$ cat upload_2.cif   # mmCIF, C-alpha atoms, pLDDT in the B column; chains and numbers go by the auth columns
data_data
#
loop_
_atom_site.group_PDB
_atom_site.id
_atom_site.type_symbol
_atom_site.label_atom_id
_atom_site.label_comp_id
_atom_site.label_asym_id
_atom_site.label_seq_id
_atom_site.Cartn_x
_atom_site.Cartn_y
_atom_site.Cartn_z
_atom_site.B_iso_or_equiv
_atom_site.auth_seq_id
_atom_site.auth_asym_id
ATOM 1 C CA MET A 1 181.002 182.034 206.698 73.00 7 X
ATOM 2 C CA ASN A 2 184.723 182.106 207.196 78.00 8 X
ATOM 3 C CA PRO A 3 186.168 178.706 206.141 78.00 9 X
ATOM 4 C CA TYR A 4 188.365 178.674 209.252 81.00 10 X
ATOM 5 C CA VAL A 5 185.157 178.511 211.270 85.00 11 X
ATOM 6 C CA ALA A 6 182.929 176.576 208.854 87.00 12 X
ATOM 7 C CA VAL A 7 185.224 173.559 208.346 92.00 13 X
ATOM 8 C CA PRO A 8 185.726 172.799 212.074 92.00 14 X
ATOM 9 C CA PHE A 9 182.000 173.396 212.637 94.00 15 X
ATOM 10 C CA LEU A 10 181.110 170.884 209.908 94.00 16 X
ATOM 11 C CA LEU A 11 183.667 168.379 211.197 94.00 17 X
ATOM 12 C CA ILE A 12 182.150 168.593 214.681 95.00 18 X
ATOM 13 C CA VAL A 13 178.617 168.170 213.318 95.00 19 X
ATOM 14 C CA SER A 14 179.781 165.177 211.223 94.00 20 X
ATOM 15 C CA LEU A 15 181.441 163.639 214.251 94.00 21 X
ATOM 16 C CA LEU A 16 178.289 164.100 216.321 93.00 22 X
ATOM 17 C CA GLN A 17 176.235 162.670 213.454 92.00 23 X
ATOM 18 C CA SER A 18 178.317 159.488 213.410 91.00 24 X
ATOM 19 C CA THR A 19 178.876 158.958 217.121 91.00 25 X
ATOM 20 C CA LEU A 20 176.253 160.468 219.431 91.00 26 X
ATOM 21 C CA LEU A 21 173.151 160.888 217.298 89.00 27 X
ATOM 22 C CA PRO A 22 172.644 157.151 216.649 88.00 28 X
ATOM 23 C CA ARG A 23 171.888 156.988 220.394 88.00 29 X
ATOM 24 C CA VAL A 24 168.860 159.253 219.785 85.00 30 X
ATOM 25 C CA GLN A 25 167.330 156.530 217.649 86.00 31 X
ATOM 26 C CA VAL A 26 163.558 156.335 217.232 88.00 32 X
ATOM 27 C CA GLY A 27 162.578 153.055 215.640 85.00 33 X
ATOM 28 C CA SER A 28 165.133 152.417 212.916 83.00 34 X
ATOM 29 C CA VAL A 29 166.215 156.031 212.331 88.00 35 X
ATOM 30 C CA TRP A 30 168.103 158.864 213.996 88.00 36 X
ATOM 31 C CA PRO A 31 168.258 162.555 213.114 90.00 37 X
ATOM 32 C CA ASP A 32 170.399 163.690 210.192 93.00 38 X
ATOM 33 C CA VAL A 33 171.643 166.899 211.788 95.00 39 X
ATOM 34 C CA LEU A 34 174.288 167.518 209.130 95.00 40 X
ATOM 35 C CA LEU A 35 171.585 167.324 206.469 96.00 41 X
ATOM 36 C CA LEU A 36 169.435 169.769 208.460 96.00 42 X
ATOM 37 C CA VAL A 37 172.373 172.156 208.960 96.00 43 X
ATOM 38 C CA VAL A 38 173.223 172.155 205.232 95.00 44 X
ATOM 39 C CA MET A 39 169.564 172.511 204.286 94.00 45 X
ATOM 40 C CA SER A 40 169.079 175.402 206.709 93.00 46 X
ATOM 41 C CA TRP A 41 172.196 177.177 205.461 93.00 47 X
ATOM 42 C CA ALA A 42 170.999 176.788 201.863 92.00 48 X
ATOM 43 C CA LEU A 43 167.642 178.322 202.811 91.00 49 X
ATOM 44 C CA LEU A 44 169.381 181.217 204.553 89.00 50 X
ATOM 45 C CA ARG A 45 172.244 181.876 202.136 83.00 51 X
ATOM 46 C CA ARG A 46 171.107 180.140 198.938 74.00 52 X
ATOM 47 C CA SER A 47 173.000 177.283 197.294 74.00 53 X
ATOM 48 C CA ASN A 48 176.484 178.716 196.691 82.00 54 X
ATOM 49 C CA GLU A 49 177.882 178.569 200.212 88.00 55 X
ATOM 50 C CA ALA A 50 175.716 175.596 201.179 91.00 56 X
ATOM 51 C CA LEU A 51 177.181 173.513 198.329 93.00 57 X
ATOM 52 C CA SER A 52 180.656 173.850 199.786 94.00 58 X
ATOM 53 C CA TRP A 53 179.263 173.035 203.233 94.00 59 X
ATOM 54 C CA ALA A 54 177.566 169.956 201.771 95.00 60 X
ATOM 55 C CA PHE A 55 180.777 168.801 200.095 96.00 61 X
ATOM 56 C CA VAL A 56 182.999 169.263 203.164 96.00 62 X
ATOM 57 C CA GLY A 57 180.445 167.849 205.597 95.00 63 X
ATOM 58 C CA GLY A 58 179.599 164.969 203.261 94.00 64 X
ATOM 59 C CA ILE A 59 183.233 163.958 202.799 96.00 65 X
ATOM 60 C CA ALA A 60 183.733 164.088 206.585 95.00 66 X
ATOM 61 C CA LEU A 61 180.621 161.958 207.071 93.00 67 X
ATOM 62 C CA ASP A 62 181.782 159.508 204.396 93.00 68 X
ATOM 63 C CA LEU A 63 185.167 159.160 206.109 94.00 69 X
ATOM 64 C CA LEU A 64 183.414 158.357 209.399 92.00 70 X
ATOM 65 C CA SER A 65 180.890 155.891 207.969 86.00 71 X
ATOM 66 C CA GLY A 66 181.124 152.525 206.318 83.00 72 X
ATOM 67 C CA GLY A 67 179.047 153.490 203.312 84.00 73 X
ATOM 68 C CA PRO A 68 180.137 154.202 199.756 89.00 74 X
ATOM 69 C CA PHE A 69 182.664 157.027 199.669 93.00 75 X
ATOM 70 C CA GLY A 70 181.179 160.171 198.167 91.00 76 X
ATOM 71 C CA ALA A 71 177.548 159.140 198.567 93.00 77 X
ATOM 72 C CA SER A 72 176.911 161.468 201.505 93.00 78 X
ATOM 73 C CA ALA A 73 178.695 164.348 199.791 95.00 79 X
ATOM 74 C CA ILE A 74 176.657 163.952 196.598 95.00 80 X
ATOM 75 C CA GLY A 75 173.418 163.462 198.549 93.00 81 X
ATOM 76 C CA LEU A 76 174.026 166.550 200.676 94.00 82 X
ATOM 77 C CA MET A 77 174.922 168.615 197.614 95.00 83 X
ATOM 78 C CA ILE A 78 171.587 167.646 196.054 93.00 84 X
ATOM 79 C CA VAL A 79 169.842 168.644 199.301 91.00 85 X
ATOM 80 C CA ALA A 80 171.627 172.026 199.184 93.00 86 X
ATOM 81 C CA LEU A 81 170.495 172.551 195.593 91.00 87 X
ATOM 82 C CA ILE A 82 166.887 171.623 196.379 86.00 88 X
ATOM 83 C CA ALA A 83 166.799 173.917 199.408 88.00 89 X
ATOM 84 C CA GLY A 84 168.509 176.761 197.571 86.00 90 X
ATOM 85 C CA VAL A 85 166.033 176.570 194.700 82.00 91 X
ATOM 86 C CA THR A 86 162.988 176.432 196.980 78.00 92 X
ATOM 87 C CA ALA A 87 164.281 179.350 199.075 74.00 93 X
ATOM 88 C CA GLY A 88 163.890 181.723 196.155 67.00 94 X
ATOM 89 C CA GLY A 89 160.778 180.140 194.740 60.00 95 X
ATOM 90 C CA VAL A 90 157.158 179.668 195.633 55.00 96 X
ATOM 91 C CA PHE A 91 157.549 179.046 199.363 54.00 97 X
ATOM 92 C CA ARG A 92 158.159 182.345 201.130 56.00 98 X
ATOM 93 C CA ASP A 93 156.752 181.254 204.504 62.00 99 X
ATOM 94 C CA ARG A 94 159.752 180.609 206.758 72.00 100 X
ATOM 95 C CA THR A 95 157.660 178.399 209.044 79.00 101 X
ATOM 96 C CA VAL A 96 156.643 175.812 206.465 87.00 102 X
ATOM 97 C CA LEU A 97 159.687 176.049 204.186 88.00 103 X
ATOM 98 C CA PRO A 98 162.234 174.284 206.451 91.00 104 X
ATOM 99 C CA ILE A 99 159.771 171.469 207.157 92.00 105 X
ATOM 100 C CA VAL A 100 158.977 170.859 203.478 90.00 106 X
ATOM 101 C CA ALA A 101 162.624 171.195 202.439 91.00 107 X
ATOM 102 C CA ALA A 102 163.752 168.764 205.165 93.00 108 X
ATOM 103 C CA PHE A 103 161.153 166.176 204.158 95.00 109 X
ATOM 104 C CA VAL A 104 161.928 166.362 200.416 94.00 110 X
ATOM 105 C CA GLY A 105 165.672 166.734 200.986 94.00 111 X
ATOM 106 C CA THR A 106 165.824 163.687 203.252 95.00 112 X
ATOM 107 C CA LEU A 107 164.030 161.553 200.673 95.00 113 X
ATOM 108 C CA ALA A 108 166.426 162.812 197.973 94.00 114 X
ATOM 109 C CA PHE A 109 169.470 162.159 200.194 94.00 115 X
ATOM 110 C CA HIS A 110 168.389 158.603 200.985 93.00 116 X
ATOM 111 C CA GLY A 111 167.534 157.979 197.330 93.00 117 X
ATOM 112 C CA VAL A 112 171.051 158.994 196.279 93.00 118 X
ATOM 113 C CA TYR A 113 172.557 156.922 199.095 91.00 119 X
ATOM 114 C CA LEU A 114 170.531 153.854 198.060 91.00 120 X
ATOM 115 C CA LEU A 115 171.619 154.275 194.435 91.00 121 X
ATOM 116 C CA ALA A 116 175.276 154.586 195.472 91.00 122 X
ATOM 117 C CA THR A 117 174.974 151.517 197.693 90.00 123 X
ATOM 118 C CA ALA A 118 173.455 149.507 194.850 89.00 124 X
ATOM 119 C CA PHE A 119 176.081 150.856 192.444 90.00 125 X
ATOM 120 C CA VAL A 120 178.948 149.455 194.545 88.00 126 X
ATOM 121 C CA GLY A 121 177.335 146.017 194.539 85.00 127 X
ATOM 122 C CA GLN A 122 175.478 145.867 197.835 84.00 128 X
ATOM 123 C CA ARG A 123 172.199 144.021 197.628 87.00 129 X
ATOM 124 C CA ILE A 124 169.372 146.091 199.072 85.00 130 X
ATOM 125 C CA ASN A 125 165.640 145.736 199.305 87.00 131 X
ATOM 126 C CA VAL A 126 164.551 149.119 197.962 82.00 132 X
ATOM 127 C CA LEU A 127 160.984 149.051 199.298 86.00 133 X
ATOM 128 C CA ASP A 128 162.162 147.949 202.719 87.00 134 X
ATOM 129 C CA ALA A 129 164.794 150.695 202.790 86.00 135 X
ATOM 130 C CA LEU A 130 162.279 153.319 201.678 87.00 136 X
ATOM 131 C CA PHE A 131 159.595 152.398 204.197 90.00 137 X
ATOM 132 C CA ARG A 132 161.839 151.498 207.157 89.00 138 X
ATOM 133 C CA ILE A 133 164.565 154.128 206.766 90.00 139 X
ATOM 134 C CA ALA A 134 163.927 156.898 204.211 92.00 140 X
ATOM 135 C CA LEU A 135 160.303 157.760 205.008 94.00 141 X
ATOM 136 C CA PRO A 136 160.694 157.613 208.831 94.00 142 X
ATOM 137 C CA SER A 137 163.912 159.660 208.518 94.00 143 X
ATOM 138 C CA ALA A 138 162.085 162.246 206.435 95.00 144 X
ATOM 139 C CA ILE A 139 159.365 162.531 209.077 95.00 145 X
ATOM 140 C CA TYR A 140 161.910 162.702 211.929 95.00 146 X
ATOM 141 C CA ASN A 141 164.016 165.327 210.143 95.00 147 X
ATOM 142 C CA ALA A 142 160.926 167.360 209.226 95.00 148 X
ATOM 143 C CA ALA A 143 159.949 167.386 212.903 95.00 149 X
ATOM 144 C CA LEU A 144 163.399 168.694 213.912 94.00 150 X
ATOM 145 C CA SER A 145 163.918 171.021 210.949 94.00 151 X
ATOM 146 C CA TRP A 146 162.194 174.115 212.307 93.00 152 X
ATOM 147 C CA PHE A 147 164.365 174.072 215.464 95.00 153 X
ATOM 148 C CA VAL A 148 167.629 173.538 213.534 95.00 154 X
ATOM 149 C CA TYR A 149 166.611 176.242 211.053 94.00 155 X
ATOM 150 C CA ARG A 150 166.022 178.720 213.896 93.00 156 X
ATOM 151 C CA VAL A 151 169.425 177.927 215.431 94.00 157 X
ATOM 152 C CA MET A 152 171.154 178.394 212.074 93.00 158 X
ATOM 153 C CA ALA A 153 169.192 181.625 211.433 91.00 159 X
ATOM 154 C CA ALA A 154 170.414 182.968 214.783 92.00 160 X
ATOM 155 C CA LEU A 155 173.981 182.005 213.822 91.00 161 X
ATOM 156 C CA ASP A 156 173.528 183.705 210.443 88.00 162 X
ATOM 157 C CA ARG A 157 172.289 186.930 212.084 87.00 163 X
ATOM 158 C CA ARG A 158 175.248 186.857 214.468 86.00 164 X
ATOM 159 C CA ILE A 159 177.977 186.415 211.838 84.00 165 X
ATOM 160 C CA ARG A 160 176.518 188.272 208.845 77.00 166 X
ATOM 161 C CA PRO A 161 178.406 191.510 208.247 73.00 167 X
ATOM 162 C CA LYS A 162 176.469 194.564 209.345 72.00 168 X
ATOM 163 C CA ALA A 163 175.553 197.138 206.718 69.00 169 X
ATOM 164 C CA LEU A 164 177.326 200.434 207.007 68.00 170 X
ATOM 165 C CA GLU A 165 175.085 203.323 207.957 70.00 171 X
ATOM 166 C CA TRP A 166 175.966 206.956 207.360 70.00 172 X
#

$ encode --input "upload_2.cif" --output "structure tokens"
Amino acid sequence: MNPYVAVPFLLIVSLLQSTLLPRVQVGSVWPDVLLLVVMSWALLRRSNEALSWAFVGGIALDLLSGGPFGASAIGLMIVALIAGVTAGGVFRDRTVLPIVAAFVGTLAFHGVYLLATAFVGQRINVLDALFRIALPSAIYNAALSWFVYRVMAALDRRIRPKALEW
């Protein structure tokens, strides 16, 4: 995608992620739409473009949050790599793939974020964070992943250059 479109798009998604989406809280979690957007783009376009999306979106999210700087960017880049690898691998079913990738990617993202938080000296209860935040987030994101994937697939079809026919 053209960077003049992708960067503002990612900034808007990051802004929504930090301001409006916490109001859609279920229990102790809210949807990670930026994670789902990056994951969907990696499934559609493989890891190359999604890695840059993950970096830009993650830095924007880090600037808007109070967490360790760079943790979201690194976590999202790992999600993009996981999704990009699974897109070309065993899972060819486009119905199950986004759900599985969102579940595994969310757990990986929260694992990286917990490690970064511990690395900067914050005391955290790992089991509590896993069972109250990471696992419910993974379930919530998996439930939303198919819808976000379909929206991103429609966007991909709309902007992908058309093949020349003779």

$ resolve_selection --input "upload_2.cif" --expression "the PyMOL selection byres ((chain X and resi 59) around 8)" --output "ChimeraX atom specification"
/X:12-13,16,44,55-58,60-63

$ resolve_selection --input "upload_2.cif" --expression "the PyMOL selection byres ((chain X and resi 154-162) around 7)" --output "number ranges by chain"
X: 42-43, 46-47, 50, 104, 150-153, 163-166

$ write_last_selection --input "upload_2.cif" --atoms "C-alpha atoms" --output "PDB file, keeping the file's coordinate frame"
ATOM      1  CA  LEU X  42     169.435 169.769 208.460  1.00 96.00           C
ATOM      2  CA  VAL X  43     172.373 172.156 208.960  1.00 96.00           C
ATOM      3  CA  SER X  46     169.079 175.402 206.709  1.00 93.00           C
ATOM      4  CA  TRP X  47     172.196 177.177 205.461  1.00 93.00           C
ATOM      5  CA  LEU X  50     169.381 181.217 204.553  1.00 89.00           C
ATOM      6  CA  PRO X 104     162.234 174.284 206.451  1.00 91.00           C
ATOM      7  CA  LEU X 150     163.399 168.694 213.912  1.00 94.00           C
ATOM      8  CA  SER X 151     163.918 171.021 210.949  1.00 94.00           C
ATOM      9  CA  TRP X 152     162.194 174.115 212.307  1.00 93.00           C
ATOM     10  CA  PHE X 153     164.365 174.072 215.464  1.00 95.00           C
ATOM     11  CA  ARG X 163     172.289 186.930 212.084  1.00 87.00           C
ATOM     12  CA  ARG X 164     175.248 186.857 214.468  1.00 86.00           C
ATOM     13  CA  ILE X 165     177.977 186.415 211.838  1.00 84.00           C
ATOM     14  CA  ARG X 166     176.518 188.272 208.845  1.00 77.00           C
TER      15      ARG X 166
END

$ closest_residue --input "upload_2.cif" --among "X:Pro74, X:Gly111, X:Gly33, X:Pro9" --to "Gln128 (chain X)" --atoms "only C-alpha atoms"
X:Pro74

$ closest_residue --input "upload_2.cif" --among "X:Ala149, X:Phe75, X:Leu41, X:Leu136" --to "Phe115 (chain X)" --atoms "all atoms listed in the file"
X:Leu41

$ resolve_selection --input "upload_2.cif" --expression "the PyMOL selection byres ((chain X and resi 116) around 12)" --output "PyMOL selection string"
chain X and resi 35+38+41+77-82+84-85+108-115+117-123+132+135-144

$ closest_residue --input "upload_2.cif" --among "X:Ile18, X:Ile145, X:Ala124, X:Ile88" --to "Val32 (chain X)" --atoms "all atoms listed in the file"
X:Ile145

$ residues_around --input "upload_2.cif" --residues "region 19-26 of chain X" --least-positions-apart "3" --cutoff "10 Å" --atoms "only C-alpha atoms" --output "mmCIF file with C-alpha atoms, in the frame of the given file"
data_model
loop_
_atom_site.group_PDB
_atom_site.id
_atom_site.type_symbol
_atom_site.label_atom_id
_atom_site.label_comp_id
_atom_site.auth_asym_id
_atom_site.auth_seq_id
_atom_site.Cartn_x
_atom_site.Cartn_y
_atom_site.Cartn_z
ATOM 1 C CA VAL X 13 185.224 173.559 208.346
ATOM 2 C CA PRO X 14 185.726 172.799 212.074
ATOM 3 C CA PHE X 15 182.000 173.396 212.637
ATOM 4 C CA LEU X 16 181.110 170.884 209.908
ATOM 5 C CA ARG X 29 171.888 156.988 220.394
ATOM 6 C CA VAL X 30 168.860 159.253 219.785
ATOM 7 C CA GLN X 31 167.330 156.530 217.649
ATOM 8 C CA TRP X 36 168.103 158.864 213.996
ATOM 9 C CA PRO X 37 168.258 162.555 213.114
ATOM 10 C CA ASP X 38 170.399 163.690 210.192
ATOM 11 C CA VAL X 39 171.643 166.899 211.788
ATOM 12 C CA LEU X 40 174.288 167.518 209.130
ATOM 13 C CA LEU X 41 171.585 167.324 206.469
ATOM 14 C CA VAL X 43 172.373 172.156 208.960
ATOM 15 C CA VAL X 62 182.999 169.263 203.164
ATOM 16 C CA GLY X 63 180.445 167.849 205.597
ATOM 17 C CA GLY X 64 179.599 164.969 203.261
ATOM 18 C CA ILE X 65 183.233 163.958 202.799
ATOM 19 C CA ALA X 66 183.733 164.088 206.585
ATOM 20 C CA LEU X 67 180.621 161.958 207.071
ATOM 21 C CA ASP X 68 181.782 159.508 204.396
ATOM 22 C CA LEU X 69 185.167 159.160 206.109
ATOM 23 C CA LEU X 70 183.414 158.357 209.399
ATOM 24 C CA SER X 71 180.890 155.891 207.969
#

$ closest_residue --input "upload_2.cif" --among "X:Asn147, X:Val91, X:Gly73, X:Met83" --to "Gly127 (chain X)" --atoms "only C-alpha atoms"
X:Gly73
